[in-house]
>>> print(open('final11.cif').read())   # mmCIF, C-alpha atoms
data_my_file
loop_
_atom_site.group_PDB
_atom_site.id
_atom_site.type_symbol
_atom_site.label_atom_id
_atom_site.label_comp_id
_atom_site.auth_asym_id
_atom_site.auth_seq_id
_atom_site.Cartn_x
_atom_site.Cartn_y
_atom_site.Cartn_z
ATOM 1 C CA MET A 214 0.000 0.000 0.000
ATOM 2 C CA LYS A 215 2.799 2.308 0.988
ATOM 3 C CA SER A 216 4.800 1.530 -2.207
ATOM 4 C CA ALA A 217 1.757 2.252 -4.383
ATOM 5 C CA TYR A 218 1.507 5.648 -2.742
ATOM 6 C CA TRP A 219 5.128 6.436 -3.561
ATOM 7 C CA PHE A 220 4.745 5.036 -7.047
ATOM 8 C CA SER A 221 1.864 7.333 -7.908
ATOM 9 C CA PHE A 222 3.748 10.256 -6.410
ATOM 10 C CA ILE A 223 6.834 9.589 -8.572
ATOM 11 C CA MET A 224 4.709 9.127 -11.663
ATOM 12 C CA ALA A 225 3.089 12.479 -10.988
ATOM 13 C CA ILE A 226 6.385 14.409 -11.010
ATOM 14 C CA PRO A 227 6.673 14.743 -14.801
ATOM 15 C CA LEU A 228 3.026 15.783 -14.974
ATOM 16 C CA LEU A 229 3.582 18.435 -12.351
ATOM 17 C CA MET A 230 6.622 19.684 -14.256
ATOM 18 C CA LEU A 231 4.668 19.882 -17.472
ATOM 19 C CA GLY A 232 1.991 21.797 -15.621
ATOM 20 C CA SER A 233 4.441 24.338 -14.326
ATOM 21 C CA PHE A 234 5.825 24.791 -17.837
ATOM 22 C CA SER A 235 2.512 25.395 -19.490
ATOM 23 C CA PHE A 236 1.243 27.767 -16.817
ATOM 24 C CA GLY A 237 4.509 29.483 -15.956
ATOM 25 C CA ASP A 238 5.498 33.021 -16.833
ATOM 26 C CA ASP A 239 8.235 31.776 -19.166
ATOM 27 C CA ASP A 240 5.763 30.075 -21.473
ATOM 28 C CA ASP A 241 7.168 31.816 -24.554
ATOM 29 C CA ASP A 242 10.723 30.792 -23.732
ATOM 30 C CA VAL A 243 9.699 27.165 -23.429
ATOM 31 C CA LEU A 244 7.943 27.248 -26.780
ATOM 32 C CA LYS A 245 10.948 28.930 -28.337
ATOM 33 C CA PHE A 246 13.192 26.223 -26.975
ATOM 34 C CA TRP A 247 11.113 23.522 -28.639
ATOM 35 C CA LYS A 248 10.762 25.473 -31.858
ATOM 36 C CA ARG A 249 14.472 26.261 -32.136
ATOM 37 C CA GLN A 250 16.011 24.955 -35.334
ATOM 38 C CA PRO A 251 19.334 23.144 -35.554
ATOM 39 C CA GLY A 252 22.381 24.571 -37.357
ATOM 40 C CA VAL A 253 21.928 27.866 -39.200
ATOM 41 C CA ALA A 254 19.206 28.859 -41.662
ATOM 42 C CA PRO A 255 20.296 27.824 -45.185
ATOM 43 C CA VAL A 256 20.800 30.494 -47.852
ATOM 44 C CA THR A 257 17.578 31.103 -49.766
ATOM 45 C CA ASP A 258 18.372 34.198 -51.824
ATOM 46 C CA PRO A 259 19.484 33.326 -55.388
ATOM 47 C CA LEU A 260 21.140 36.747 -55.874
ATOM 48 C CA TYR A 261 23.267 36.309 -52.750
ATOM 49 C CA LYS A 262 24.176 32.783 -53.829
ATOM 50 C CA GLU A 263 25.248 34.015 -57.255
ATOM 51 C CA GLU A 264 27.034 37.235 -56.311
ATOM 52 C CA CYS A 265 28.819 36.099 -53.166
ATOM 53 C CA GLY A 266 28.932 32.366 -53.761
ATOM 54 C CA SER A 267 30.784 32.659 -57.060
ATOM 55 C CA CYS A 268 34.032 33.494 -55.221
ATOM 56 C CA HIS A 269 33.633 31.736 -51.876
ATOM 57 C CA PHE A 270 31.361 29.519 -49.827
ATOM 58 C CA ALA A 271 28.076 31.409 -49.474
ATOM 59 C CA TYR A 272 28.244 31.897 -45.701
ATOM 60 C CA GLN A 273 24.786 31.886 -44.176
ATOM 61 C CA PRO A 274 23.720 35.337 -42.879
ATOM 62 C CA GLY A 275 22.951 33.685 -39.529
ATOM 63 C CA TRP A 276 26.668 33.443 -38.756
ATOM 64 C CA LEU A 277 27.132 37.153 -38.005
ATOM 65 C CA PRO A 278 25.085 39.943 -36.421
ATOM 66 C CA GLU A 279 23.495 42.772 -38.388
ATOM 67 C CA GLN A 280 26.273 45.312 -37.733
ATOM 68 C CA SER A 281 28.915 42.893 -39.072
ATOM 69 C CA TRP A 282 27.086 42.616 -42.377
ATOM 70 C CA ARG A 283 26.548 46.375 -42.587
ATOM 71 C CA ASP A 284 30.260 47.003 -42.023
ATOM 72 C CA MET A 285 31.219 44.304 -44.517
ATOM 73 C CA MET A 286 28.983 45.640 -47.265
ATOM 74 C CA SER A 287 30.178 49.219 -46.747
ATOM 75 C CA GLY A 288 33.734 48.051 -47.465
ATOM 76 C CA ILE A 289 32.916 45.674 -50.289
ATOM 77 C CA ASP A 290 35.391 47.350 -52.688
ATOM 78 C CA ASN A 291 38.166 45.983 -50.458
ATOM 79 C CA HIS A 292 36.689 42.696 -49.317
ATOM 80 C CA PHE A 293 39.565 40.926 -47.532
ATOM 81 C CA GLY A 294 41.815 42.201 -50.323
ATOM 82 C CA ASP A 295 39.404 41.532 -53.195
ATOM 83 C CA ASN A 296 37.243 43.985 -55.090
ATOM 84 C CA ALA A 297 33.686 42.658 -54.893
ATOM 85 C CA GLU A 298 31.757 45.747 -55.992
ATOM 86 C CA LEU A 299 28.129 45.276 -57.024
ATOM 87 C CA SER A 300 25.606 47.323 -58.958
ATOM 88 C CA PRO A 301 23.747 49.678 -56.582
ATOM 89 C CA ALA A 302 20.538 47.619 -56.926
ATOM 90 C CA SER A 303 22.272 44.292 -56.166
ATOM 91 C CA HIS A 304 24.211 45.888 -53.322
ATOM 92 C CA GLN A 305 21.020 47.066 -51.620
ATOM 93 C CA ALA A 306 19.174 43.774 -52.209
ATOM 94 C CA ILE A 307 22.024 41.724 -50.728
ATOM 95 C CA LEU A 308 22.440 44.056 -47.755
ATOM 96 C CA ASP A 309 18.686 43.764 -47.069
ATOM 97 C CA TYR A 310 18.874 39.981 -47.252
ATOM 98 C CA LEU A 311 21.862 39.806 -44.886
ATOM 99 C CA VAL A 312 20.354 42.218 -42.374
ATOM 100 C CA THR A 313 16.937 40.520 -42.355
ATOM 101 C CA ASN A 314 18.504 37.119 -41.710
ATOM 102 C CA SER A 315 21.439 38.065 -39.462
ATOM 103 C CA ALA A 316 22.384 35.991 -36.411
ATOM 104 C CA ASP A 317 20.762 38.352 -33.908
ATOM 105 C CA LYS A 318 17.373 37.721 -35.491
ATOM 106 C CA SER A 319 17.656 33.990 -36.022
ATOM 107 C CA ASP A 320 16.117 31.240 -33.906
ATOM 108 C CA HIS A 321 18.596 28.688 -35.187
ATOM 109 C CA ARG A 322 20.749 27.018 -32.576
ATOM 110 C CA ARG A 323 24.177 27.955 -33.915
ATOM 111 C CA SER A 324 23.176 31.565 -34.575
ATOM 112 C CA LYS A 325 22.138 31.849 -30.930
ATOM 113 C CA LYS A 326 25.458 30.356 -29.859
ATOM 114 C CA ILE A 327 27.442 32.744 -32.051
ATOM 115 C CA MET A 328 25.574 35.687 -30.550
ATOM 116 C CA ARG A 329 26.224 34.505 -26.984
ATOM 117 C CA SER A 330 29.953 34.135 -27.733
ATOM 118 C CA LEU A 331 30.551 37.612 -29.157
ATOM 119 C CA GLY A 332 31.966 39.294 -26.043
ATOM 120 C CA SER A 333 33.474 42.744 -26.492
ATOM 121 C CA SER A 334 33.769 42.502 -30.270
ATOM 122 C CA THR A 335 30.112 42.933 -31.168
ATOM 123 C CA ALA A 336 30.534 43.260 -34.937
ATOM 124 C CA PRO A 337 33.257 40.817 -36.019
ATOM 125 C CA GLN A 338 34.207 40.709 -39.709
ATOM 126 C CA ARG A 339 35.297 37.084 -39.660
ATOM 127 C CA ILE A 340 33.182 34.159 -38.498
ATOM 128 C CA THR A 341 36.460 32.411 -37.655
ATOM 129 C CA GLU A 342 37.175 35.082 -35.027
ATOM 130 C CA THR A 343 34.020 34.536 -32.997
ATOM 131 C CA GLY A 344 34.374 32.787 -29.661
ATOM 132 C CA TYR A 345 31.969 30.033 -30.648
ATOM 133 C CA PHE A 346 33.806 29.215 -33.876
ATOM 134 C CA LYS A 347 37.193 29.180 -32.150
ATOM 135 C CA HIS A 348 35.887 26.961 -29.376
ATOM 136 C CA LYS A 349 34.468 24.456 -31.878
ATOM 137 C CA HIS A 350 37.696 24.242 -33.909
ATOM 138 C CA ASP A 351 40.386 24.519 -31.236
ATOM 139 C CA GLU A 352 41.264 20.811 -31.212
ATOM 140 C CA ILE A 353 41.952 20.508 -34.930
ATOM 141 C CA PRO A 354 45.687 20.389 -35.664
ATOM 142 C CA ASP A 355 47.177 22.642 -38.384
ATOM 143 C CA ARG A 356 48.275 19.651 -40.451
ATOM 144 C CA LEU A 357 44.610 18.883 -41.188
ATOM 145 C CA VAL A 358 43.670 22.434 -42.192
ATOM 146 C CA GLU A 359 46.312 25.113 -42.897
ATOM 147 C CA ASN A 360 48.927 22.574 -43.987
ATOM 148 C CA ASN A 361 46.416 20.412 -45.848
ATOM 149 C CA ASP A 362 46.271 21.500 -49.516
ATOM 150 C CA LYS A 363 42.733 20.233 -49.901
ATOM 151 C CA VAL A 364 41.445 22.379 -47.034
ATOM 152 C CA ALA A 365 43.996 25.232 -46.677
ATOM 153 C CA SER A 366 41.854 27.402 -44.397
ATOM 154 C CA LEU A 367 39.150 27.178 -41.756
ATOM 155 C CA SER A 368 37.195 29.594 -43.955
ATOM 156 C CA HIS A 369 36.442 26.812 -46.430
ATOM 157 C CA CYS A 370 33.473 25.401 -44.491
ATOM 158 C CA ASN A 371 32.354 22.905 -47.101
ATOM 159 C CA ALA A 372 35.822 21.393 -47.517
ATOM 160 C CA CYS A 373 35.032 19.272 -44.434
ATOM 161 C CA HIS A 374 31.379 19.905 -43.515
ATOM 162 C CA GLN A 375 29.507 17.953 -46.185
ATOM 163 C CA ASP A 376 26.118 19.532 -45.434
ATOM 164 C CA ALA A 377 27.428 23.065 -44.950
ATOM 165 C CA GLU A 378 25.344 24.455 -47.803
ATOM 166 C CA GLN A 379 22.183 23.178 -46.140
ATOM 167 C CA GLY A 380 23.206 24.984 -42.949
ATOM 168 C CA SER A 381 23.991 21.727 -41.158
ATOM 169 C CA PHE A 382 27.349 21.482 -39.377
ATOM 170 C CA SER A 383 26.731 18.344 -37.367
ATOM 171 C CA GLU A 384 29.863 16.557 -36.132
ATOM 172 C CA ARG A 385 28.557 13.340 -37.631
ATOM 173 C CA HIS A 386 28.907 14.814 -41.115
ATOM 174 C CA ILE A 387 32.518 15.927 -41.112
ATOM 175 C CA THR A 388 35.051 14.340 -43.442
ATOM 176 C CA ILE A 389 38.482 15.975 -43.585
ATOM 177 C CA PRO A 390 40.023 15.475 -47.050
ATOM 178 C CA GLY A 391 43.090 13.254 -46.861
ATOM 179 C CA HIS A 392 42.213 12.281 -43.296
ATOM 180 C CA GLY A 393 38.674 10.881 -43.195
ATOM 181 C CA LYS A 394 35.908 11.136 -40.657
ATOM 182 C CA TRP A 395 36.560 13.537 -37.840
ATOM 183 C CA ASP A 396 36.330 11.848 -34.459
ATOM 184 C CA ASP A 397 36.111 14.335 -31.641
ATOM 185 C CA MET B 243 -6.786 48.187 -75.024
ATOM 186 C CA LYS B 244 -5.625 47.903 -78.600
ATOM 187 C CA ARG B 245 -2.276 49.391 -77.759
ATOM 188 C CA GLN B 246 -1.840 46.968 -74.886
ATOM 189 C CA SER B 247 -2.386 43.914 -77.062
ATOM 190 C CA PHE B 248 0.057 45.326 -79.602
ATOM 191 C CA VAL B 249 2.730 45.623 -76.903
ATOM 192 C CA ILE B 250 2.083 42.056 -75.755
ATOM 193 C CA MET B 251 2.276 40.681 -79.303
ATOM 194 C CA TYR B 252 5.460 42.626 -79.924
ATOM 195 C CA SER B 253 7.166 41.287 -76.807
ATOM 196 C CA VAL B 254 6.066 37.719 -77.613
ATOM 197 C CA LEU B 255 7.553 38.129 -81.086
ATOM 198 C CA LEU B 256 10.791 39.515 -79.673
ATOM 199 C CA SER B 257 11.218 36.700 -77.167
ATOM 200 C CA ALA B 258 10.502 34.116 -79.886
ATOM 201 C CA MET B 259 13.249 35.712 -81.972
ATOM 202 C CA SER B 260 15.728 35.638 -79.136
ATOM 203 C CA VAL B 261 14.983 31.939 -78.487
ATOM 204 C CA SER B 262 15.556 31.051 -82.130
ATOM 205 C CA THR B 263 18.907 32.853 -82.137
ATOM 206 C CA GLY B 264 19.852 31.433 -78.713
ATOM 207 C CA SER B 265 22.886 29.583 -80.006
ATOM 208 C CA LEU B 266 24.382 32.842 -81.237
ATOM 209 C CA ALA B 267 23.602 34.702 -78.026
ATOM 210 C CA TYR B 268 27.196 35.348 -77.002
ATOM 211 C CA GLY B 269 28.077 36.713 -80.442
ATOM 212 C CA SER B 270 25.399 39.384 -80.363
ATOM 213 C CA VAL B 271 26.074 40.312 -76.749
ATOM 214 C CA VAL B 272 29.755 40.813 -77.534
ATOM 215 C CA ASN B 273 28.942 42.789 -80.688
ATOM 216 C CA ASP B 274 26.691 45.136 -78.745
ATOM 217 C CA LEU B 275 29.376 45.688 -76.120
ATOM 218 C CA LEU B 276 32.092 46.224 -78.750
ATOM 219 C CA ALA B 277 29.896 48.862 -80.423
ATOM 220 C CA GLU B 278 29.425 50.530 -77.049
ATOM 221 C CA TYR B 279 33.173 50.602 -76.370
ATOM 222 C CA GLN B 280 33.793 51.993 -79.840
ATOM 223 C CA GLN B 281 31.439 54.860 -79.062
ATOM 224 C CA SER B 282 33.527 55.524 -75.958
ATOM 225 C CA GLY B 283 36.650 55.829 -78.104
ATOM 226 C CA ALA B 284 37.933 52.274 -78.613
ATOM 227 C CA GLN B 285 39.592 51.363 -81.921
ATOM 228 C CA THR B 286 39.485 47.957 -83.602
ATOM 229 C CA PRO B 287 39.782 45.202 -80.952
ATOM 230 C CA ASP B 288 43.211 43.543 -80.793
ATOM 231 C CA PRO B 289 43.106 40.007 -79.302
ATOM 232 C CA GLY B 290 46.922 39.790 -79.474
ATOM 233 C CA LYS B 291 47.314 42.664 -77.012
ATOM 234 C CA ALA B 292 44.880 41.001 -74.619
ATOM 235 C CA ARG B 293 46.812 37.729 -74.827
ATOM 236 C CA VAL B 294 50.004 39.489 -73.721
ATOM 237 C CA LEU B 295 48.222 41.430 -70.979
ATOM 238 C CA TRP B 296 46.594 38.198 -69.768
ATOM 239 C CA THR B 297 49.813 36.854 -68.240
ATOM 240 C CA GLU B 298 51.526 40.142 -67.412
ATOM 241 C CA LYS B 299 52.259 40.358 -63.689
ATOM 242 C CA PHE B 300 51.279 43.403 -61.659
ATOM 243 C CA PRO B 301 52.391 44.239 -58.102
ATOM 244 C CA ASP B 302 49.895 43.927 -55.276
ATOM 245 C CA ALA B 303 49.596 47.312 -53.568
ATOM 246 C CA SER B 304 49.304 45.613 -50.173
ATOM 247 C CA GLY B 305 52.552 43.700 -50.665
ATOM 248 C CA GLY B 306 51.281 40.221 -51.510
ATOM 249 C CA ASN B 307 52.134 38.065 -54.521
ATOM 250 C CA THR B 308 52.084 39.650 -57.975
ATOM 251 C CA ARG B 309 48.768 39.440 -59.782
ATOM 252 C CA SER B 310 47.672 38.607 -63.294
ATOM 253 C CA CYS B 311 44.494 37.420 -65.008
ATOM 254 C CA ALA B 312 46.114 33.989 -65.056
ATOM 255 C CA SER B 313 46.436 33.970 -61.241
ATOM 256 C CA CYS B 314 42.858 32.728 -61.075
ATOM 257 C CA HIS B 315 41.905 31.844 -64.675
ATOM 258 C CA THR B 316 45.230 30.116 -65.574
ATOM 259 C CA ASP B 317 46.917 30.866 -68.919
ATOM 260 C CA ASN B 318 44.607 28.456 -70.728
ATOM 261 C CA LEU B 319 41.105 29.893 -71.045
ATOM 262 C CA ARG B 320 39.701 26.509 -71.991
ATOM 263 C CA SER B 321 40.589 24.979 -68.664
ATOM 264 C CA SER B 322 39.027 25.557 -65.251
ATOM 265 C CA GLY B 323 40.614 28.057 -62.928
ATOM 266 C CA LYS B 324 40.708 28.472 -59.179
ATOM 267 C CA HIS B 325 40.187 31.566 -57.048
ATOM 268 C CA VAL B 326 43.682 32.316 -55.789
ATOM 269 C CA ARG B 327 42.549 33.095 -52.253
ATOM 270 C CA THR B 328 39.473 30.942 -51.640
ATOM 271 C CA ASN B 329 40.351 27.983 -53.904
ATOM 272 C CA LYS B 330 36.811 28.046 -55.296
ATOM 273 C CA PRO B 331 36.775 26.475 -58.794
ATOM 274 C CA ILE B 332 36.174 28.883 -61.704
ATOM 275 C CA GLU B 333 34.511 27.499 -64.840
ATOM 276 C CA PRO B 334 36.429 27.897 -68.118
ATOM 277 C CA LEU B 335 36.066 31.324 -69.763
ATOM 278 C CA ALA B 336 36.188 30.024 -73.356
ATOM 279 C CA PRO B 337 32.694 30.126 -74.902
ATOM 280 C CA SER B 338 33.622 27.067 -77.004
ATOM 281 C CA ILE B 339 33.844 25.053 -73.777
ATOM 282 C CA ASN B 340 31.416 26.925 -71.570
ATOM 283 C CA ARG B 341 28.353 28.164 -73.452
ATOM 284 C CA GLU B 342 27.190 30.403 -70.637
ATOM 285 C CA ARG B 343 30.181 32.693 -71.044
ATOM 286 C CA LEU B 344 29.742 36.123 -72.656
ATOM 287 C CA THR B 345 25.937 35.851 -72.664
ATOM 288 C CA ASP B 346 25.106 38.442 -70.003
ATOM 289 C CA PRO B 347 26.377 42.012 -70.517
ATOM 290 C CA GLY B 348 25.731 42.959 -66.876
ATOM 291 C CA ASN B 349 27.833 40.049 -65.727
ATOM 292 C CA ILE B 350 30.646 40.911 -68.145
ATOM 293 C CA GLU B 351 30.797 44.527 -66.952
ATOM 294 C CA LYS B 352 30.658 43.480 -63.314
ATOM 295 C CA TRP B 353 33.651 41.170 -63.664
ATOM 296 C CA PHE B 354 35.614 43.653 -65.790
ATOM 297 C CA LYS B 355 35.185 46.197 -63.020
ATOM 298 C CA ARG B 356 36.096 43.866 -60.147
ATOM 299 C CA ASN B 357 38.904 42.027 -61.861
ATOM 300 C CA CYS B 358 40.605 44.968 -63.594
ATOM 301 C CA LYS B 359 40.711 46.750 -60.230
ATOM 302 C CA TRP B 360 42.067 43.656 -58.484
ATOM 303 C CA THR B 361 44.682 42.865 -61.114
ATOM 304 C CA PHE B 362 45.784 46.259 -62.448
ATOM 305 C CA GLY B 363 44.679 48.453 -59.555
ATOM 306 C CA ARG B 364 42.407 50.477 -61.865
ATOM 307 C CA GLU B 365 39.441 50.033 -64.187
ATOM 308 C CA CYS B 366 40.079 48.864 -67.757
ATOM 309 C CA SER B 367 39.767 51.307 -70.649
ATOM 310 C CA PRO B 368 37.137 50.701 -73.371
ATOM 311 C CA GLN B 369 40.024 49.653 -75.647
ATOM 312 C CA GLU B 370 41.327 47.066 -73.171
ATOM 313 C CA LYS B 371 37.820 45.687 -72.658
ATOM 314 C CA SER B 372 37.406 45.385 -76.433
ATOM 315 C CA ASP B 373 40.716 43.552 -76.669
ATOM 316 C CA PHE B 374 39.803 41.154 -73.857
ATOM 317 C CA LEU B 375 36.358 40.432 -75.309
ATOM 318 C CA SER B 376 37.736 39.628 -78.756
ATOM 319 C CA TYR B 377 40.443 37.436 -77.168
ATOM 320 C CA ILE B 378 38.025 35.483 -74.962
ATOM 321 C CA LEU B 379 35.480 35.131 -77.760
ATOM 322 C CA ALA B 380 38.055 33.411 -79.970
ATOM 323 C CA GLN B 381 38.902 30.738 -77.375
#
>>> encode(input="final11.cif", output="structure tokens")
Amino acid sequence: MKSAYWFSFIMAIPLLMLGSFSFGDDDDDVLKFWKRQPGVAPVTDPLYKEECGSCHFAYQPGWLPEQSWRDMMSGIDNHFGDNAELSPASHQAILDYLVTNSADKSDHRRSKKIMRSLGSSTAPQRITETGYFKHKHDEIPDRLVENNDKVASLSHCNACHQDAEQGSFSERHITIPGHGKWDD
Amino acid sequence: MKRQSFVIMYSVLLSAMSVSTGSLAYGSVVNDLLAEYQQSGAQTPDPGKARVLWTEKFPDASGGNTRSCASCHTDNLRSSGKHVRTNKPIEPLAPSINRERLTDPGNIEKWFKRNCKWTFGRECSPQEKSDFLSYILAQ
């Protein structure tokens, strides 16, 4: 009799927890947690894909905050040493796309993590300089990246992340050229 | 109402014409651009000059490696190139290999502007653009 009492009490715990979630003040936060998407939002804009993706991996806008993209576009005639000038119409359209989909406005998991890792540098120009990126890549030796001809730089996302274009950077889908599957 | 239907018929006719001449698209695009450059002062295009300029090396103002068209496009326009910094593959420029080349005037002007500034540190003159177009077209 006594054990049945305890049993029903233990079984009730999850129900009580659920109750407190659905009636609590932080209802919206809980919903957001469940709704949050993995990775980063994939690129949807064909103009961005064409104009930016013809020279480098089309980095998803959800990797950097709005101010980063604004700064980057205002210096596009010297874009990490390259001239990447656009027609005024394309320039505006791409800036709008980047700003609308920047990391600070995204509900995707990795965008949130990038934002939380920014620290004092609130508008970085390189994804590779964000705290989150550095933390995720700090165990990879140079011989697999910088000194590996087939990778050459951490900026070449899709050299190792097979689903990078889809915005998925799961550890299960990493193959380092000349090395094989990455085992953390 | 009548005028509207005339405009529609006219545009249908025009698009039908452009479809039927699709295979010659790059020729007419280049011809239009050459005419434009001529109006801005260019003389007869000289593919030989462009061929020499293609591999000529120019200093990088910021002190990096010297730069030439061939840095990214290689010295053979029929083969694929590679972006010298990002390693991203670049499709062959030769229209005989890659039919999409020289078919979009906006695209041509955009890359002239970007790449002349990157390579030579300035925009190309109408004459140089004419030379390059005639050189690429013949590949």
>>> axis_aligned_box(input="final11.cif", around="segment 296-305 of chain A", padding_each_side="3 Å", output="AutoDock Vina command-line options")
--center_x 28.9 --center_y 46.2 --center_z -55.3 --size_x 22.7 --size_y 13.0 --size_z 13.3
>>> atom_distance(input="final11.cif", atom1="atom CA of Ser322 of chain B", atom2="atom CA of Leu335 of chain B")
7.9 Å
>>> atom_distance(input="final11.cif", atom1="atom CA of Asp355 of chain A", atom2="atom CA of Val253 of chain A")
25.8 Å
>>> residues_near_point(input="final11.cif", point="(36.6, 28.7, -69.0)", cutoff="7 Å", atoms="all atoms listed in the file", output="VMD selection string")
chain B and resid 319 to 322 333 to 336 339 to 340
>>> interface_residues(input="final11.cif", of="chain A", to="chain B", cutoff="9 Å", atoms="all atoms listed in the file", output="VMD selection string")
chain A and resid 267 to 270 290 294 to 300 364 to 366 368 to 369
>>> resolve_selection(input="final11.cif", expression="the PyMOL selection byres ((chain B and resi 272-285) around 8)", output="list of chain:residue names")
B:Tyr268, B:Gly269, B:Ser270, B:Val271, B:Thr286, B:Pro287, B:Leu344, B:Thr345, B:Pro347, B:Pro368, B:Gln369, B:Lys371, B:Ser372, B:Leu375
>>> closest_residue(input="final11.cif", among="A:Glu264, A:Glu279, A:Glu384, A:Asp320", to="Ile307 of chain A", atoms="all atoms listed in the file")
A:Glu264
>>> atom_distance(input="final11.cif", atom1="atom CA of Ser315 of chain A", atom2="atom CA of Asp351 of chain A")
24.7 Å
>>> closest_residue(input="final11.cif", among="B:Ala292, B:Asp317, B:Leu379, B:Arg341", to="Cys366 of chain B", atoms="only C-alpha atoms")
B:Ala292
>>> closest_residue(input="final11.cif", among="B:Gly323, B:Gly290, B:Pro337, B:Pro301", to="Tyr377 of chain B", atoms="only C-alpha atoms")
B:Gly290
>>> decode(input="final11.cif", residues="segment 331-346 of chain A", atoms="N, CA and C atoms", output="short mmCIF file (atom, residue, chain, number, x, y, z; two decimals), in the first residue's frame")
data_model
loop_
_atom_site.label_atom_id
_atom_site.label_comp_id
_atom_site.auth_asym_id
_atom_site.auth_seq_id
_atom_site.Cartn_x
_atom_site.Cartn_y
_atom_site.Cartn_z
N LEU A 331 29.91 36.45 -28.54
CA LEU A 331 30.55 37.61 -29.16
C LEU A 331 31.48 38.39 -28.23
N GLY A 332 31.10 38.56 -26.98
CA GLY A 332 31.97 39.29 -26.04
C GLY A 332 32.10 40.76 -26.42
N SER A 333 33.30 41.30 -26.29
CA SER A 333 33.47 42.74 -26.49
C SER A 333 33.42 43.12 -27.98
N SER A 334 33.82 42.20 -28.84
CA SER A 334 33.77 42.50 -30.27
C SER A 334 32.38 42.17 -30.79
N THR A 335 31.52 43.20 -30.87
CA THR A 335 30.11 42.93 -31.17
C THR A 335 29.82 42.87 -32.65
N ALA A 336 30.77 43.32 -33.49
CA ALA A 336 30.53 43.26 -34.94
C ALA A 336 31.76 42.68 -35.64
N PRO A 337 32.07 41.40 -35.40
CA PRO A 337 33.26 40.82 -36.02
C PRO A 337 33.11 40.75 -37.54
N GLN A 338 34.25 40.80 -38.26
CA GLN A 338 34.21 40.71 -39.71
C GLN A 338 34.49 39.29 -40.18
N ARG A 339 35.00 38.47 -39.29
CA ARG A 339 35.30 37.08 -39.66
C ARG A 339 34.57 36.13 -38.72
N ILE A 340 33.86 35.17 -39.30
CA ILE A 340 33.18 34.16 -38.50
C ILE A 340 34.23 33.39 -37.69
N THR A 341 35.41 33.20 -38.31
CA THR A 341 36.46 32.41 -37.66
C THR A 341 37.01 33.09 -36.41
N GLU A 342 36.67 34.38 -36.20
CA GLU A 342 37.18 35.08 -35.03
C GLU A 342 36.17 35.12 -33.88
N THR A 343 35.01 34.54 -34.09
CA THR A 343 34.02 34.54 -33.00
C THR A 343 34.41 33.46 -31.98
N GLY A 344 34.03 33.72 -30.73
CA GLY A 344 34.37 32.79 -29.66
C GLY A 344 33.82 31.39 -29.93
N TYR A 345 32.60 31.32 -30.41
CA TYR A 345 31.97 30.03 -30.65
C TYR A 345 32.73 29.24 -31.71
N PHE A 346 33.08 29.90 -32.80
CA PHE A 346 33.81 29.21 -33.88
C PHE A 346 35.15 28.70 -33.37
#
